[in-house]
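For reference, upload_37.pdb is printed below; it contains PDB, C-alpha atoms.
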ATOM      1  CA  MET A1208      -4.983  24.606  79.342
ATOM      2  CA  TYR A1209      -3.599  25.259  75.866
ATOM      3  CA  GLY A1210      -0.689  23.372  74.361
ATOM      4  CA  LEU A1211       1.484  23.630  71.272
ATOM      5  CA  ILE A1212       3.885  21.206  69.602
ATOM      6  CA  ASN A1213       6.034  22.717  66.857
ATOM      7  CA  ARG A1214       8.966  21.508  64.805
ATOM      8  CA  PHE A1215      11.232  24.045  63.067
ATOM      9  CA  THR A1216      14.127  23.436  60.706
ATOM     10  CA  THR A1217      16.826  26.082  60.558
ATOM     11  CA  HIS A1218      19.058  27.074  57.685
ATOM     12  CA  PRO A1219      21.994  24.627  57.680
ATOM     13  CA  GLY A1220      24.188  24.931  60.779
ATOM     14  CA  ARG A1221      22.056  27.610  62.471
ATOM     15  CA  ARG A1222      20.307  25.466  65.116
ATOM     16  CA  ASP A1223      22.442  26.583  68.038
ATOM     17  CA  GLU A1224      21.637  30.210  67.212
ATOM     18  CA  LEU A1225      17.918  29.388  67.132
ATOM     19  CA  ILE A1226      18.167  27.604  70.466
ATOM     20  CA  ALA A1227      19.990  30.609  71.930
ATOM     21  CA  ALA A1228      17.268  32.936  70.592
ATOM     22  CA  MET A1229      14.495  30.761  72.072
ATOM     23  CA  THR A1230      16.097  30.144  75.449
ATOM     24  CA  GLY A1231      17.241  33.659  76.282
ATOM     25  CA  ASP A1232      15.805  35.338  79.365
ATOM     26  CA  ALA A1233      12.410  36.551  78.146
ATOM     27  CA  GLY A1234      11.471  37.546  81.698
ATOM     28  CA  PRO A1235       8.199  36.421  83.267
ATOM     29  CA  LEU A1236       5.754  34.694  80.893
ATOM     30  CA  PRO A1237       2.320  35.038  82.542
ATOM     31  CA  GLY A1238       0.346  31.841  82.126
ATOM     32  CA  CYS A1239       3.250  29.766  80.828
ATOM     33  CA  ARG A1240       3.186  26.386  82.555
ATOM     34  CA  SER A1241       5.857  24.705  80.407
ATOM     35  CA  PHE A1242       8.138  25.783  77.564
ATOM     36  CA  VAL A1243      10.532  23.123  76.291
ATOM     37  CA  VAL A1244      13.133  23.653  73.567
ATOM     38  CA  ALA A1245      14.607  20.400  72.317
ATOM     39  CA  LYS A1246      16.959  19.190  69.607
ATOM     40  CA  ASP A1247      15.743  16.624  67.107
ATOM     41  CA  PRO A1248      18.369  13.869  67.369
ATOM     42  CA  ALA A1249      17.598  12.714  63.833
ATOM     43  CA  ASP A1250      18.141  16.117  62.169
ATOM     44  CA  PRO A1251      21.027  18.460  63.110
ATOM     45  CA  ASP A1252      19.021  21.487  61.952
ATOM     46  CA  ALA A1253      15.659  20.697  63.611
ATOM     47  CA  VAL A1254      14.178  21.707  66.954
ATOM     48  CA  TRP A1255      11.002  20.757  68.763
ATOM     49  CA  ILE A1256       9.171  23.311  70.883
ATOM     50  CA  THR A1257       6.492  22.018  73.252
ATOM     51  CA  GLU A1258       4.472  24.477  75.265
ATOM     52  CA  VAL A1259       1.690  24.480  77.868
ATOM     53  CA  TRP A1260      -0.173  27.670  78.774
ATOM     54  CA  ASP A1261      -3.005  28.341  81.162
ATOM     55  CA  SER A1262      -5.040  29.562  78.183
ATOM     56  CA  GLU A1263      -4.775  30.390  74.499
ATOM     57  CA  GLU A1264      -5.229  34.031  75.491
ATOM     58  CA  ASP A1265      -2.148  33.871  77.739
ATOM     59  CA  TRP A1266      -0.142  32.406  74.861
ATOM     60  CA  ARG A1267      -1.349  35.115  72.452
ATOM     61  CA  ALA A1268      -0.602  37.867  74.997
ATOM     62  CA  SER A1269       2.959  36.571  75.359
ATOM     63  CA  LEU A1270       3.576  37.255  71.671
ATOM     64  CA  ASP A1271       3.306  40.979  72.421
ATOM     65  CA  LEU A1272       5.922  40.967  75.174
ATOM     66  CA  PRO A1273       8.982  42.901  73.910
ATOM     67  CA  ALA A1274      11.476  40.175  74.821
ATOM     68  CA  VAL A1275       9.333  37.484  73.198
ATOM     69  CA  ARG A1276       8.791  39.660  70.131
ATOM     70  CA  ALA A1277      12.565  40.114  69.810
ATOM     71  CA  SER A1278      13.284  36.381  70.138
ATOM     72  CA  ILE A1279      10.623  35.572  67.526
ATOM     73  CA  ASP A1280      12.077  38.105  65.098
ATOM     74  CA  LYS A1281      15.544  36.599  65.570
ATOM     75  CA  ALA A1282      14.162  33.056  65.249
ATOM     76  CA  LEU A1283      12.313  33.860  62.034
ATOM     77  CA  SER A1284      15.576  34.920  60.428
ATOM     78  CA  LEU A1285      17.065  31.515  61.246
ATOM     79  CA  ILE A1286      14.155  29.224  60.338
ATOM     80  CA  ALA A1287      14.151  27.671  56.867
ATOM     81  CA  SER A1288      10.916  25.678  57.233
ATOM     82  CA  PHE A1289       8.043  25.112  59.645
ATOM     83  CA  GLY A1290       6.960  21.568  60.358
ATOM     84  CA  GLU A1291       3.530  20.459  61.418
ATOM     85  CA  ARG A1292       2.013  22.710  64.097
ATOM     86  CA  THR A1293      -0.122  20.832  66.630
ATOM     87  CA  VAL A1294      -2.516  22.413  69.082
ATOM     88  CA  THR A1295      -3.337  20.323  72.147
ATOM     89  CA  LEU A1296      -5.569  20.674  75.192
ATOM     90  CA  PRO A1297      -3.466  19.588  78.180
ATOM     91  CA  VAL A1298      -5.423  18.055  81.053
ATOM     92  CA  SER A1299      -2.512  17.137  83.293
ATOM     93  CA  LEU A1300       0.996  18.498  83.833
ATOM     94  CA  ARG A1301       3.447  17.112  86.361
ATOM     95  CA  PRO A1302       5.451  17.332  88.413
TER      96      PRO A1302
ATOM     97  CA  MET B1217      17.766  15.573  78.990
ATOM     98  CA  TYR B1218      15.584  13.049  77.201
ATOM     99  CA  GLY B1219      12.194  13.879  75.708
ATOM    100  CA  LEU B1220       9.319  11.984  74.187
ATOM    101  CA  ILE B1221       6.336  13.073  72.112
ATOM    102  CA  ASN B1222       3.679  10.415  71.588
ATOM    103  CA  ARG B1223       0.190  10.375  70.116
ATOM    104  CA  PHE B1224      -2.200   7.544  71.013
ATOM    105  CA  THR B1225      -5.661   6.837  69.669
ATOM    106  CA  THR B1226      -8.046   4.927  71.926
ATOM    107  CA  HIS B1227     -10.859   2.626  71.012
ATOM    108  CA  PRO B1228     -13.915   4.805  70.283
ATOM    109  CA  GLY B1229     -15.131   6.690  73.349
ATOM    110  CA  ARG B1230     -12.396   5.424  75.681
ATOM    111  CA  ARG B1231     -10.189   8.583  75.847
ATOM    112  CA  ASP B1232     -11.362   9.694  79.267
ATOM    113  CA  GLU B1233     -10.473   6.287  80.687
ATOM    114  CA  LEU B1234      -7.007   6.517  79.119
ATOM    115  CA  ILE B1235      -6.517   9.983  80.550
ATOM    116  CA  ALA B1236      -7.569   8.719  83.975
ATOM    117  CA  ALA B1237      -5.122   5.828  83.688
ATOM    118  CA  MET B1238      -2.260   8.167  82.699
ATOM    119  CA  THR B1239      -2.941  10.880  85.244
ATOM    120  CA  GLY B1240      -3.483   8.771  88.333
ATOM    121  CA  ASP B1241      -1.107   9.199  91.259
ATOM    122  CA  ALA B1242       1.927   7.185  90.180
ATOM    123  CA  GLY B1243       3.882   8.515  93.176
ATOM    124  CA  PRO B1244       7.334  10.054  92.757
ATOM    125  CA  LEU B1245       8.871   9.692  89.277
ATOM    126  CA  PRO B1246      12.635  10.111  89.786
ATOM    127  CA  GLY B1247      14.120  12.179  86.969
ATOM    128  CA  CYS B1248      10.792  13.253  85.514
ATOM    129  CA  ARG B1249      11.001  16.950  84.684
ATOM    130  CA  SER B1250       7.702  17.210  82.775
ATOM    131  CA  PHE B1251       4.855  14.819  81.954
ATOM    132  CA  VAL B1252       1.960  16.343  80.027
ATOM    133  CA  VAL B1253      -1.224  14.496  79.056
ATOM    134  CA  ALA B1254      -3.291  16.421  76.512
ATOM    135  CA  LYS B1255      -6.387  15.907  74.400
ATOM    136  CA  ASP B1256      -6.131  16.271  70.636
ATOM    137  CA  PRO B1257      -8.848  18.838  69.843
ATOM    138  CA  ALA B1258      -9.163  17.485  66.309
ATOM    139  CA  ASP B1259      -9.822  13.853  67.319
ATOM    140  CA  PRO B1260     -12.099  12.875  70.234
ATOM    141  CA  ASP B1261     -10.203   9.608  70.705
ATOM    142  CA  ALA B1262      -6.616  10.914  70.539
ATOM    143  CA  VAL B1263      -4.200  12.048  73.238
ATOM    144  CA  TRP B1264      -0.756  13.600  73.118
ATOM    145  CA  ILE B1265       1.821  12.731  75.769
ATOM    146  CA  THR B1266       4.908  14.948  76.000
ATOM    147  CA  GLU B1267       7.613  14.078  78.469
ATOM    148  CA  VAL B1268      10.966  15.415  79.647
ATOM    149  CA  TRP B1269      13.308  13.299  81.777
ATOM    150  CA  ASP B1270      16.735  13.983  83.187
ATOM    151  CA  SER B1271      17.996  10.992  81.178
ATOM    152  CA  GLU B1272      16.834   8.096  79.047
ATOM    153  CA  GLU B1273      17.885   5.831  81.904
ATOM    154  CA  ASP B1274      15.512   7.626  84.287
ATOM    155  CA  TRP B1275      12.686   7.177  81.808
ATOM    156  CA  ARG B1276      13.452   3.468  81.380
ATOM    157  CA  ALA B1277      13.666   2.974  85.155
ATOM    158  CA  SER B1278      10.228   4.543  85.585
ATOM    159  CA  LEU B1279       8.710   1.790  83.440
ATOM    160  CA  ASP B1280       9.525  -0.678  86.216
ATOM    161  CA  LEU B1281       7.765   1.276  88.953
ATOM    162  CA  PRO B1282       4.682  -0.703  90.035
ATOM    163  CA  ALA B1283       2.271   2.221  89.701
ATOM    164  CA  VAL B1284       3.641   3.115  86.263
ATOM    165  CA  ARG B1285       3.519  -0.534  85.202
ATOM    166  CA  ALA B1286      -0.143  -0.717  86.263
ATOM    167  CA  SER B1287      -1.081   2.461  84.388
ATOM    168  CA  ILE B1288       0.690   1.228  81.249
ATOM    169  CA  ASP B1289      -1.131  -2.104  81.409
ATOM    170  CA  LYS B1290      -4.457  -0.296  81.764
ATOM    171  CA  ALA B1291      -3.566   2.130  78.962
ATOM    172  CA  LEU B1292      -2.579  -0.663  76.595
ATOM    173  CA  SER B1293      -6.060  -2.167  76.928
ATOM    174  CA  LEU B1294      -7.580   1.149  75.844
ATOM    175  CA  ILE B1295      -5.257   2.103  72.992
ATOM    176  CA  ALA B1296      -6.329   1.175  69.448
ATOM    177  CA  SER B1297      -3.317   2.634  67.622
ATOM    178  CA  PHE B1298       0.026   4.285  68.275
ATOM    179  CA  GLY B1299       0.933   7.403  66.315
ATOM    180  CA  GLU B1300       4.391   8.595  65.495
ATOM    181  CA  ARG B1301       6.768   8.339  68.453
ATOM    182  CA  THR B1302       9.326  11.155  68.593
ATOM    183  CA  VAL B1303      12.437  11.201  70.734
ATOM    184  CA  THR B1304      13.854  14.642  71.490
ATOM    185  CA  LEU B1305      16.842  16.034  73.350
ATOM    186  CA  PRO B1306      15.528  18.931  75.474
ATOM    187  CA  VAL B1307      18.037  21.706  76.115
ATOM    188  CA  SER B1308      15.769  24.095  77.993
ATOM    189  CA  LEU B1309      12.693  23.705  80.183
ATOM    190  CA  ARG B1310      10.891  26.567  81.860
ATOM    191  CA  PRO B1311       9.535  27.826  84.054
TER     192      PRO B1311
END

Go ahead and render the structure in this file as structure tokens.
Amino acid sequence: MYGLINRFTTHPGRRDELIAAMTGDAGPLPGCRSFVVAKDPADPDAVWITEVWDSEEDWRASLDLPAVRASIDKALSLIASFGERTVTLPVSLRP
Amino acid sequence: MYGLINRFTTHPGRRDELIAAMTGDAGPLPGCRSFVVAKDPADPDAVWITEVWDSEEDWRASLDLPAVRASIDKALSLIASFGERTVTLPVSLRP
């Protein structure tokens, strides 16, 4: 499996819009095992995105889905800075 | 919801044992929405644990479950250092 941990900081006061953009109905996401959007409690403009995919290829293919493409374009307009991007190799996912 | 992102580094060569300890059958975990154990591809001794719980209380209660207690005790014997511990507030979890 292929995992990602990302932290984004929005322009001041725009976090809720980013969350809305990243949690809209993107339709089926083939190979997506987990996609979590979370607020950073220590920073009112920061979000954490943690993802698990069956493969890196599945994750890359998702970037071409129209709904995902649209949410990324919207998100990019709201993001002021990108935090550390971590790739992981999940070995277990429950429940 | 309540989320955690943790990175642990084991004593040299002990990662597989830590993964085994953290992925054993702990039985039902009330309130656990997601528990991911992942290898860090950049460090052969490091693992990432990302968790989502219905509440912080559910997470705390899980620490008292015998099977969880046993896996934590085993894990502690294998862990050489604890990386940054991040608390998050998940707002969306799919699928």

Inset, instruction - Pull out every residue of chain B that has at least one atom within 10 Å of chain A, counting all atoms listed in the file, and report them as a PyMOL selection string. - result: chain B and resi 1217-1219+1221+1235-1236+1238-1240+1244-1245+1248-1258+1263-1268+1302-1311

Once the PyMOL selection byres ((chain A and resi 1285) around 7) has been evaluated on this model, what residues remain selected, and can you format them as a PDB file with C-alpha atoms, in the frame of the given file?
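Output contents, as saved in result-v1.pdb:
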ATOM      1  CA  THR A1217      16.826  26.082  60.558  1.00  0.00           C
ATOM      2  CA  HIS A1218      19.058  27.074  57.685  1.00  0.00           C
ATOM      3  CA  ARG A1221      22.056  27.610  62.471  1.00  0.00           C
ATOM      4  CA  LEU A1225      17.918  29.388  67.132  1.00  0.00           C
ATOM      5  CA  LYS A1281      15.544  36.599  65.570  1.00  0.00           C
ATOM      6  CA  ALA A1282      14.162  33.056  65.249  1.00  0.00           C
ATOM      7  CA  LEU A1283      12.313  33.860  62.034  1.00  0.00           C
ATOM      8  CA  SER A1284      15.576  34.920  60.428  1.00  0.00           C
ATOM      9  CA  ILE A1286      14.155  29.224  60.338  1.00  0.00           C
ATOM     10  CA  ALA A1287      14.151  27.671  56.867  1.00  0.00           C
TER      11      ALA A1287
END

Kindly provide, as JSON, the centre and edge lengths (Å, one decimal) of an axis-aligned box around all atoms of stretch 1243-1259 of chain B given in the file, with 4 Å on each side.
{"center_x": 2.1, "center_y": 13.7, "center_z": 79.7, "size_x": 31.9, "size_y": 18.3, "size_z": 34.9}

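Between atom CA of A:Glu1291 and atom CA of A:Ala1233 lies a distance of 24.9 Å.
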
Legend entry - Å distance separating atom CA of B:Ser1271 from atom CA of B:Asn1222, one decimal place: 17.2 Å

Legend entry - Point-to-point distance in Å for atom CA of B:Trp1269 and atom CA of A:Leu1270: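 If I compute the distance from atom CA of A:Leu1270 to atom CA of B:Trp1269, I get 27.8 Å.
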
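When only C-alpha atoms are used to measure the gap to B:Phe1298, the shortest distance among B:Asp1280, B:Asp1232, B:Asp1261, B:Glu1272 belongs to B:Asp1261.
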
Inset, instruction - Check the smallest atom-to-atom distance from each of A:Pro1237, A:Pro1251, A:Gly1290, A:Pro1273 to A:Arg1214 using all atoms listed in the file, then report the winner. - result: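 Selected residue with least distance to A:Arg1214: A:Gly1290.
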
Legend entry - Pick from A:Leu1211, A:Trp1266, A:Asp1261, A:Ser1278, whichever lies nearest to A:Ala1228 using all atoms listed in the file: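 Of A:Leu1211, A:Trp1266, A:Asp1261, A:Ser1278, the one nearest A:Ala1228, counting all atoms listed in the file, is A:Ser1278.
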